[in-house]
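Peer 1: To be precise about what I am sending: the file is called final.cif and holds mmCIF, C-alpha atoms.
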```cif
data_structure
loop_
_atom_site.group_PDB
_atom_site.id
_atom_site.type_symbol
_atom_site.label_atom_id
_atom_site.label_comp_id
_atom_site.auth_asym_id
_atom_site.auth_seq_id
_atom_site.Cartn_x
_atom_site.Cartn_y
_atom_site.Cartn_z
ATOM 1 C CA MET I 1076 52.036 -116.714 5.749
ATOM 2 C CA ARG I 1077 55.772 -116.206 5.753
ATOM 3 C CA PRO I 1078 56.006 -115.981 1.966
ATOM 4 C CA MET I 1079 53.367 -113.242 1.952
ATOM 5 C CA ARG I 1080 55.323 -111.162 4.512
ATOM 6 C CA LYS I 1081 58.467 -111.523 2.445
ATOM 7 C CA VAL I 1082 56.704 -110.382 -0.699
ATOM 8 C CA SER I 1083 55.187 -107.419 1.151
ATOM 9 C CA ALA I 1084 58.552 -106.400 2.494
ATOM 10 C CA ILE I 1085 60.048 -106.513 -0.980
ATOM 11 C CA ILE I 1086 57.214 -104.364 -2.373
ATOM 12 C CA VAL I 1087 57.599 -101.788 0.406
ATOM 13 C CA SER I 1088 61.375 -101.641 -0.165
ATOM 14 C CA MET I 1089 60.893 -101.098 -3.892
ATOM 15 C CA ALA I 1090 58.339 -98.344 -3.275
ATOM 16 C CA LEU I 1091 60.721 -96.530 -0.922
ATOM 17 C CA ALA I 1092 63.531 -96.786 -3.432
ATOM 18 C CA VAL I 1093 61.348 -95.368 -6.223
ATOM 19 C CA GLY I 1094 60.193 -92.520 -3.975
ATOM 20 C CA LEU I 1095 63.718 -91.620 -2.969
ATOM 21 C CA SER I 1096 64.809 -91.769 -6.585
ATOM 22 C CA SER I 1097 61.950 -89.441 -7.597
ATOM 23 C CA CYS I 1098 62.905 -86.959 -4.889
ATOM 24 C CA ALA I 1099 66.528 -86.963 -6.005
ATOM 25 C CA THR I 1100 65.538 -86.384 -9.625
ATOM 26 C CA ALA I 1101 63.085 -83.559 -8.819
ATOM 27 C CA ALA I 1102 65.564 -81.488 -6.799
ATOM 28 C CA PRO I 1103 66.644 -78.430 -8.825
ATOM 29 C CA PRO I 1104 70.327 -78.196 -9.730
ATOM 30 C CA VAL I 1105 72.396 -75.831 -7.628
ATOM 31 C CA ALA I 1106 73.466 -72.793 -9.709
ATOM 32 C CA PRO I 1107 77.200 -72.157 -9.777
ATOM 33 C CA PRO I 1108 78.324 -69.017 -7.930
ATOM 34 C CA VAL I 1109 78.231 -65.849 -10.048
ATOM 35 C CA ALA I 1110 81.553 -64.058 -10.277
ATOM 36 C CA PRO I 1111 81.350 -60.323 -9.491
ATOM 37 C CA PRO I 1112 81.625 -58.080 -12.559
ATOM 38 C CA PRO I 1113 85.113 -56.763 -13.187
ATOM 39 C CA SER I 1114 85.586 -53.288 -11.752
ATOM 40 C CA ALA I 1115 85.651 -50.591 -14.412
ATOM 41 C CA ALA I 1116 89.047 -49.160 -15.122
ATOM 42 C CA PRO I 1117 89.340 -45.578 -13.859
ATOM 43 C CA THR I 1118 88.772 -42.992 -16.575
ATOM 44 C CA PRO I 1119 92.007 -41.130 -17.188
ATOM 45 C CA THR I 1120 91.831 -37.443 -16.377
ATOM 46 C CA PRO I 1121 92.406 -35.407 -19.536
ATOM 47 C CA THR I 1122 95.523 -33.312 -19.352
ATOM 48 C CA ALA I 1123 95.684 -29.962 -21.043
ATOM 49 C CA SER I 1124 98.446 -29.735 -23.569
ATOM 50 C CA VAL I 1125 101.130 -27.350 -22.445
ATOM 51 C CA VAL I 1126 102.819 -25.325 -25.150
ATOM 52 C CA SER I 1127 105.916 -23.424 -24.245
ATOM 53 C CA MET I 1128 107.417 -20.630 -26.295
ATOM 54 C CA THR I 1129 110.857 -19.171 -26.591
ATOM 55 C CA PRO I 1130 111.204 -15.435 -25.867
ATOM 56 C CA GLU I 1131 111.273 -14.728 -29.606
ATOM 57 C CA GLU I 1132 108.184 -16.872 -30.258
ATOM 58 C CA SER I 1133 106.343 -15.117 -27.421
ATOM 59 C CA TRP I 1134 107.270 -11.731 -28.869
ATOM 60 C CA ASP I 1135 106.138 -12.636 -32.381
ATOM 61 C CA SER I 1136 102.878 -14.284 -31.263
ATOM 62 C CA PHE I 1137 101.995 -11.409 -28.951
ATOM 63 C CA GLY I 1138 102.904 -8.863 -31.617
ATOM 64 C CA GLU I 1139 100.527 -10.528 -34.061
ATOM 65 C CA ALA I 1140 97.719 -10.393 -31.481
ATOM 66 C CA SER I 1141 98.426 -6.701 -30.860
ATOM 67 C CA ARG I 1142 98.185 -5.895 -34.568
ATOM 68 C CA GLN I 1143 94.990 -7.889 -35.011
ATOM 69 C CA SER I 1144 93.396 -6.305 -31.922
ATOM 70 C CA CYS I 1145 94.167 -2.730 -32.902
ATOM 71 C CA ARG I 1146 92.946 -3.383 -36.427
ATOM 72 C CA GLU I 1147 89.733 -4.970 -35.144
ATOM 73 C CA ALA I 1148 89.134 -1.931 -32.922
ATOM 74 C CA TYR I 1149 88.239 0.040 -36.070
ATOM 75 C CA THR I 1150 85.043 -2.039 -36.230
ATOM 76 C CA GLY I 1151 84.083 -0.552 -32.872
ATOM 77 C CA LEU I 1152 85.220 -1.373 -29.352
ATOM 78 C CA VAL I 1153 84.025 -1.230 -25.755
ATOM 79 C CA GLU I 1154 86.541 -1.742 -22.964
ATOM 80 C CA GLU I 1155 84.914 -2.112 -19.551
ATOM 81 C CA ASP I 1156 86.653 -2.214 -16.192
ATOM 82 C CA VAL I 1157 85.051 -5.123 -14.362
ATOM 83 C CA VAL I 1158 87.422 -5.273 -11.372
ATOM 84 C CA GLY I 1159 89.403 -2.596 -9.584
ATOM 85 C CA PRO I 1160 89.220 1.011 -8.462
ATOM 86 C CA ASN I 1161 87.421 2.196 -11.619
ATOM 87 C CA SER I 1162 85.011 -0.712 -11.919
ATOM 88 C CA GLY I 1163 82.281 0.329 -14.359
ATOM 89 C CA GLN I 1164 84.463 2.670 -16.397
ATOM 90 C CA LEU I 1165 83.941 2.404 -20.153
ATOM 91 C CA LYS I 1166 86.234 3.207 -23.027
ATOM 92 C CA ILE I 1167 84.213 3.461 -26.233
ATOM 93 C CA ARG I 1168 85.473 3.568 -29.783
ATOM 94 C CA LEU I 1169 82.939 4.096 -32.538
ATOM 95 C CA THR I 1170 83.408 3.064 -36.130
ATOM 96 C CA PHE I 1171 84.487 5.678 -38.667
ATOM 97 C CA GLU I 1172 81.062 5.384 -40.330
ATOM 98 C CA GLN I 1173 79.399 6.233 -37.025
ATOM 99 C CA ALA I 1174 81.457 9.230 -36.035
ATOM 100 C CA GLY I 1175 84.318 9.961 -38.415
ATOM 101 C CA GLU I 1176 87.333 11.054 -36.424
ATOM 102 C CA ASN I 1177 85.175 11.817 -33.381
ATOM 103 C CA SER I 1178 85.173 8.270 -32.164
ATOM 104 C CA LEU I 1179 86.943 7.870 -28.817
ATOM 105 C CA ALA I 1180 85.482 8.555 -25.387
ATOM 106 C CA ILE I 1181 86.008 7.504 -21.786
ATOM 107 C CA VAL I 1182 83.018 7.255 -19.441
ATOM 108 C CA SER I 1183 83.630 7.299 -15.689
ATOM 109 C CA PRO I 1184 81.819 4.907 -13.320
ATOM 110 C CA GLN I 1185 79.637 7.897 -12.356
ATOM 111 C CA GLY I 1186 78.585 8.399 -15.974
ATOM 112 C CA ASP I 1187 80.664 11.474 -16.806
ATOM 113 C CA ALA I 1188 82.027 11.280 -20.359
ATOM 114 C CA ASP I 1189 85.102 12.876 -21.845
ATOM 115 C CA ILE I 1190 86.776 12.474 -25.199
ATOM 116 C CA ALA I 1191 89.961 10.419 -25.622
ATOM 117 C CA LEU I 1192 92.535 11.900 -27.942
ATOM 118 C CA ASN I 1193 94.761 8.883 -28.573
ATOM 119 C CA TYR I 1194 93.859 5.416 -29.753
ATOM 120 C CA PHE I 1195 96.663 3.921 -27.618
ATOM 121 C CA GLU I 1196 94.705 4.895 -24.490
ATOM 122 C CA PHE I 1197 92.805 1.704 -25.265
ATOM 123 C CA TYR I 1198 94.344 -1.649 -24.334
ATOM 124 C CA ALA I 1199 93.559 -2.952 -27.807
ATOM 125 C CA CYS I 1200 96.043 -0.484 -29.323
ATOM 126 C CA GLU I 1201 98.428 0.354 -26.483
ATOM 127 C CA ILE I 1202 101.222 -1.897 -27.758
ATOM 128 C CA GLN I 1203 100.893 -0.523 -31.284
ATOM 129 C CA GLY I 1204 101.082 2.980 -29.833
ATOM 130 C CA TYR I 1205 104.318 2.047 -28.105
ATOM 131 C CA LEU I 1206 105.931 0.356 -31.105
ATOM 132 C CA VAL I 1207 105.463 3.351 -33.412
ATOM 133 C CA THR I 1208 107.694 5.369 -31.078
ATOM 134 C CA LEU I 1209 110.664 3.040 -31.570
ATOM 135 C CA ASP I 1210 113.480 3.693 -33.990
ATOM 136 C CA ASP I 1211 113.603 1.399 -37.015
ATOM 137 C CA VAL I 1212 109.969 0.358 -36.567
ATOM 138 C CA GLN I 1213 108.575 -1.467 -39.583
ATOM 139 C CA TYR I 1214 105.025 -1.782 -40.916
ATOM 140 C CA ASP I 1215 103.195 -4.734 -42.349
ATOM 141 C CA SER I 1216 101.061 -4.699 -45.492
ATOM 142 C CA MET I 1217 98.086 -3.396 -43.461
ATOM 143 C CA GLY I 1218 100.081 -0.463 -42.103
ATOM 144 C CA ASP I 1219 100.384 -1.879 -38.568
ATOM 145 C CA ALA I 1220 103.582 -1.428 -36.580
ATOM 146 C CA ILE I 1221 105.861 -4.446 -36.373
ATOM 147 C CA TYR I 1222 109.197 -4.699 -34.616
ATOM 148 C CA PRO I 1223 111.581 -7.664 -34.711
ATOM 149 C CA PHE I 1224 112.507 -9.340 -31.457
ATOM 150 C CA GLU I 1225 115.618 -8.155 -29.717
ATOM 151 C CA THR I 1226 116.831 -8.203 -26.141
ATOM 152 C CA GLY I 1227 117.153 -5.017 -24.157
ATOM 153 C CA LEU I 1228 113.900 -3.426 -25.313
ATOM 154 C CA ALA I 1229 111.837 -1.468 -22.820
ATOM 155 C CA LEU I 1230 109.059 -4.014 -23.420
ATOM 156 C CA GLU I 1231 109.396 -7.624 -22.245
ATOM 157 C CA VAL I 1232 106.862 -10.289 -23.243
ATOM 158 C CA THR I 1233 106.434 -13.683 -21.599
ATOM 159 C CA TYR I 1234 103.993 -16.426 -22.534
ATOM 160 C CA ASN I 1235 102.468 -18.297 -19.581
ATOM 161 C CA SER I 1236 101.888 -21.851 -20.780
ATOM 162 C CA ALA I 1237 99.909 -22.740 -17.618
ATOM 163 C CA ASP I 1238 96.984 -20.462 -18.467
ATOM 164 C CA GLY I 1239 97.730 -19.282 -22.005
ATOM 165 C CA THR I 1240 98.151 -15.602 -21.126
ATOM 166 C CA TYR I 1241 100.873 -13.132 -22.037
ATOM 167 C CA SER I 1242 102.624 -11.025 -19.418
ATOM 168 C CA THR I 1243 104.255 -7.742 -20.360
ATOM 169 C CA ILE I 1244 106.605 -5.495 -18.433
ATOM 170 C CA ARG I 1245 107.292 -2.093 -19.916
ATOM 171 C CA GLN I 1246 109.577 0.616 -18.642
ATOM 172 C CA ILE I 1247 107.890 3.997 -18.959
ATOM 173 C CA GLU I 1248 109.909 7.116 -19.736
ATOM 174 C CA ASP I 1249 109.182 8.548 -16.284
ATOM 175 C CA GLY I 1250 110.962 5.556 -14.736
ATOM 176 C CA SER I 1251 107.854 3.656 -13.658
ATOM 177 C CA ILE I 1252 107.035 0.078 -14.649
ATOM 178 C CA ARG I 1253 103.802 -0.974 -16.335
ATOM 179 C CA ARG I 1254 102.810 -4.640 -15.872
ATOM 180 C CA LEU I 1255 99.910 -6.142 -17.776
ATOM 181 C CA ASP I 1256 98.574 -9.658 -18.341
ATOM 182 C CA TYR I 1257 96.706 -10.259 -21.607
ATOM 183 C CA THR I 1258 94.181 -12.981 -22.378
ATOM 184 C CA VAL I 1259 94.017 -13.705 -26.110
ATOM 185 C CA THR I 1260 90.924 -15.323 -27.651
ATOM 186 C CA ASN I 1261 90.762 -16.111 -31.370
ATOM 187 C CA GLY I 1262 93.821 -13.959 -31.935
ATOM 188 C CA LEU I 1263 92.455 -10.850 -30.134
ATOM 189 C CA PHE I 1264 93.016 -9.289 -26.719
ATOM 190 C CA THR I 1265 89.832 -10.009 -24.761
ATOM 191 C CA ARG I 1266 90.833 -9.357 -21.143
ATOM 192 C CA VAL I 1267 93.641 -7.333 -19.608
ATOM 193 C CA ALA I 1268 94.709 -7.479 -15.982
ATOM 194 C CA ASN I 1269 96.639 -4.446 -14.770
ATOM 195 C CA LEU I 1270 98.919 -5.717 -12.018
ATOM 196 C CA ASP I 1271 99.767 -2.185 -10.883
ATOM 197 C CA ASP I 1272 96.289 -1.008 -9.890
ATOM 198 C CA GLY I 1273 94.536 -4.392 -9.576
ATOM 199 C CA SER I 1274 92.046 -3.694 -12.348
ATOM 200 C CA GLU I 1275 90.734 -6.114 -14.952
ATOM 201 C CA THR I 1276 89.202 -4.962 -18.220
ATOM 202 C CA THR I 1277 87.142 -6.836 -20.798
ATOM 203 C CA LEU I 1278 87.404 -5.960 -24.486
ATOM 204 C CA THR I 1279 84.343 -6.353 -26.724
ATOM 205 C CA TYR I 1280 84.769 -5.696 -30.434
ATOM 206 C CA GLY I 1281 82.039 -4.564 -32.793
ATOM 207 C CA GLU I 1282 79.842 -1.542 -33.347
ATOM 208 C CA PRO I 1283 78.626 -0.090 -30.030
ATOM 209 C CA ASP I 1284 74.869 0.148 -29.538
ATOM 210 C CA SER I 1285 72.851 3.348 -29.976
ATOM 211 C CA ASP I 1286 73.069 4.352 -26.292
ATOM 212 C CA LEU I 1287 76.863 4.176 -26.240
ATOM 213 C CA THR I 1288 77.049 5.917 -29.597
ATOM 214 C CA ALA I 1289 74.963 8.777 -28.208
ATOM 215 C CA ILE I 1290 77.294 9.099 -25.204
ATOM 216 C CA VAL I 1291 80.312 9.517 -27.468
ATOM 217 C CA ASN I 1292 78.557 11.969 -29.778
ATOM 218 C CA ASP I 1293 77.356 14.053 -26.818
ATOM 219 C CA ALA I 1294 80.875 14.128 -25.360
ATOM 220 C CA TYR I 1295 82.298 15.491 -28.601
ATOM 221 C CA ALA I 1296 79.462 17.987 -28.985
ATOM 222 C CA ALA I 1297 80.133 19.300 -25.477
ATOM 223 C CA TYR I 1298 83.875 19.434 -26.119
ATOM 224 C CA PHE I 1299 83.594 21.450 -29.310
ATOM 225 C CA SER I 1300 80.956 23.784 -27.877
ATOM 226 C CA ASN I 1301 83.412 25.136 -25.344
#
```
For this file, write the structure as structure tokens.
Peer 2:
Amino acid sequence: MRPMRKVSAIIVSMALAVGLSSCATAAPPVAPPVAPPPSAAPTPTPTASVVSMTPEESWDSFGEASRQSCREAYTGLVEEDVVGPNSGQLKIRLTFEQAGENSLAIVSPQGDADIALNYFEFYACEIQGYLVTLDDVQYDSMGDAIYPFETGLALEVTYNSADGTYSTIRQIEDGSIRRLDYTVTNGLFTRVANLDDGSETTLTYGEPDSDLTAIVNDAYAAYFSN
């Protein structure tokens, strides 16, 4: 009987060993820890390029914009006060084809219209109107006033590189000071801030619509009927 017990014990031991071996083989492998994804590098904030100008460069660049703006005004122009004491006021300039010489009118915020006698009453041509009064003024091939930079003029021009506008200070003959900030878009004056009265005016070039054309024509008809 003893040999039988010994054989049985051996068989049981072998069975346990096989079972343990099977369990060890069946256990799934432990996955290695996953490293966290690298944090994305912060996107750099784009910085606007800042262009500075010397006083002479500011004068020349602004002068070119003034010539282009006054020339473009012949295609028609509407200047509208959008901020300030005369908010809603319109200055209308028709094309020559629309009205001949009868082309300038100012419409009050209340809708009353009156003719304008001088093109330099419009911001688009104010600087040109000033330059033609200077001694030794020159003219370019298009007949627009041009004046070389020099210190001591009654008009000072500064370029603001922070916002791309031009600031002007002009001494008027009556002793007052006129201060204007000009926004230039595609070479043309498109917005003018008057620092003296707090107004801001938008400039829109091109032939005015039929309603505005009628306002100007009616203003001239009323003027010449008196």
Peer 1: Would you compute the distance between CA of Leu1255 in chain I and CA of Tyr1241 in chain I? Give it in Å to one decimal.
Peer 2: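 Separation of CA of Leu1255 in chain I and CA of Tyr1241 in chain I: 8.2 Å.
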Peer 1: With all atoms listed in the file as the atoms that count, which of I:Leu1169, I:Leu1209, I:Val1158, I:Val1267 lies nearest to Ala1191 in chain I?
Peer 2: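 Checking each of I:Leu1169, I:Leu1209, I:Val1158, I:Val1267 against Ala1191 in chain I, counting all atoms listed in the file, the winner is I:Leu1169.
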Peer 1: So how far away is CA of Val1182 in chain I from CA of Ile1244 in chain I, in Å?
Peer 2: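 One can read the CA of Ile1244 in chain I to CA of Val1182 in chain I distance as 26.8 Å.
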Peer 1: Decode the PyMOL selection byres ((chain I and resi 1151) around 9) for the given file into explicit residues and return them as a CSV table (one decimal) with C-alpha atoms, in the coordinates of the input.
Peer 2:
```
chain,number,residue,atom,x,y,z
I,1147,GLU,CA,89.7,-5.0,-35.1
I,1148,ALA,CA,89.1,-1.9,-32.9
I,1149,TYR,CA,88.2,0.0,-36.1
I,1150,THR,CA,85.0,-2.0,-36.2
I,1152,LEU,CA,85.2,-1.4,-29.4
I,1153,VAL,CA,84.0,-1.2,-25.8
I,1167,ILE,CA,84.2,3.5,-26.2
I,1168,ARG,CA,85.5,3.6,-29.8
I,1169,LEU,CA,82.9,4.1,-32.5
I,1170,THR,CA,83.4,3.1,-36.1
I,1171,PHE,CA,84.5,5.7,-38.7
I,1178,SER,CA,85.2,8.3,-32.2
I,1279,THR,CA,84.3,-6.4,-26.7
I,1280,TYR,CA,84.8,-5.7,-30.4
I,1281,GLY,CA,82.0,-4.6,-32.8
I,1282,GLU,CA,79.8,-1.5,-33.3
I,1283,PRO,CA,78.6,-0.1,-30.0
```
Peer 1: Have a look at CA of Asp1238 in chain I and CA of Val1259 in chain I and let me know their distance in Å, one decimal.
Peer 2: 10.6 Å
Peer 1: Env of Ile1290 in chain I: 8 Å cut, atoms = all atoms listed in the file, seq-sep filter 4 positions within chain, self excluded. Answer as a PyMOL selection string.
Peer 2: chain I and resi 1188+1286+1294
Peer 1: Generate a file of the selected residues that holds C-alpha atoms, formatted as a PDB file, keeping the file's coordinate frame.
Peer 2:
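Everything below was put into again_31.pdb:
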```pdb
ATOM      1  CA  ALA I1188      82.027  11.280 -20.359  1.00  0.00           C
ATOM      2  CA  ASP I1286      73.069   4.352 -26.292  1.00  0.00           C
ATOM      3  CA  ALA I1294      80.875  14.128 -25.360  1.00  0.00           C
TER       4      ALA I1294
END
```
Peer 1: Applied to this file, what does the PyMOL selection byres ((chain I and resi 1183) around 12) return in terms of residues, put as a PyMOL selection string?
Peer 2: chain I and resi 1154-1156+1160-1167+1180-1182+1184-1190+1290
Peer 1: Quick one: which residues end up in the PyMOL selection byres ((chain I and resi 1214-1225) around 12) for this structure, as a ChimeraX atom specification?
Peer 2: /I:1129-1147,1200-1213,1226-1232
Peer 1: Which residue, I:Ser1127, I:Glu1248, I:Asp1284, I:Ala1199, has the smallest gap to Gly1262 in chain I when you use all atoms listed in the file?
Peer 2: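 Once distances to Gly1262 in chain I are computed over all atoms listed in the file, the minimum belongs to I:Ala1199.
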Peer 1: Take every atom of range 1132-1135 of chain I listed in the file, fit an axis-aligned box around them, add 3 Å per side, and give the centre and edge lengths in Å to one decimal as AutoDock Vina command-line options.
Peer 2:
```
--center_x 107.2 --center_y -14.3 --center_z -29.9 --size_x 8.0 --size_y 11.1 --size_z 11.0
```
Peer 1: Taking all atoms listed in the file into account, name the residue in I:Ala1268, I:Ala1297, I:Val1126, I:Leu1179 that is nearest to Glu1196 in chain I.
Peer 2: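 Smallest distance to Glu1196 in chain I is found for I:Leu1179.
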Peer 1: Compare I:Met1128, I:Arg1254, I:Val1157, I:Thr1233 by their minimum atom-to-atom distance to Thr1276 in chain I, counting all atoms listed in the file, and give me the closest one.
Peer 2: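 Once distances to Thr1276 in chain I are computed over all atoms listed in the file, the minimum belongs to I:Val1157.
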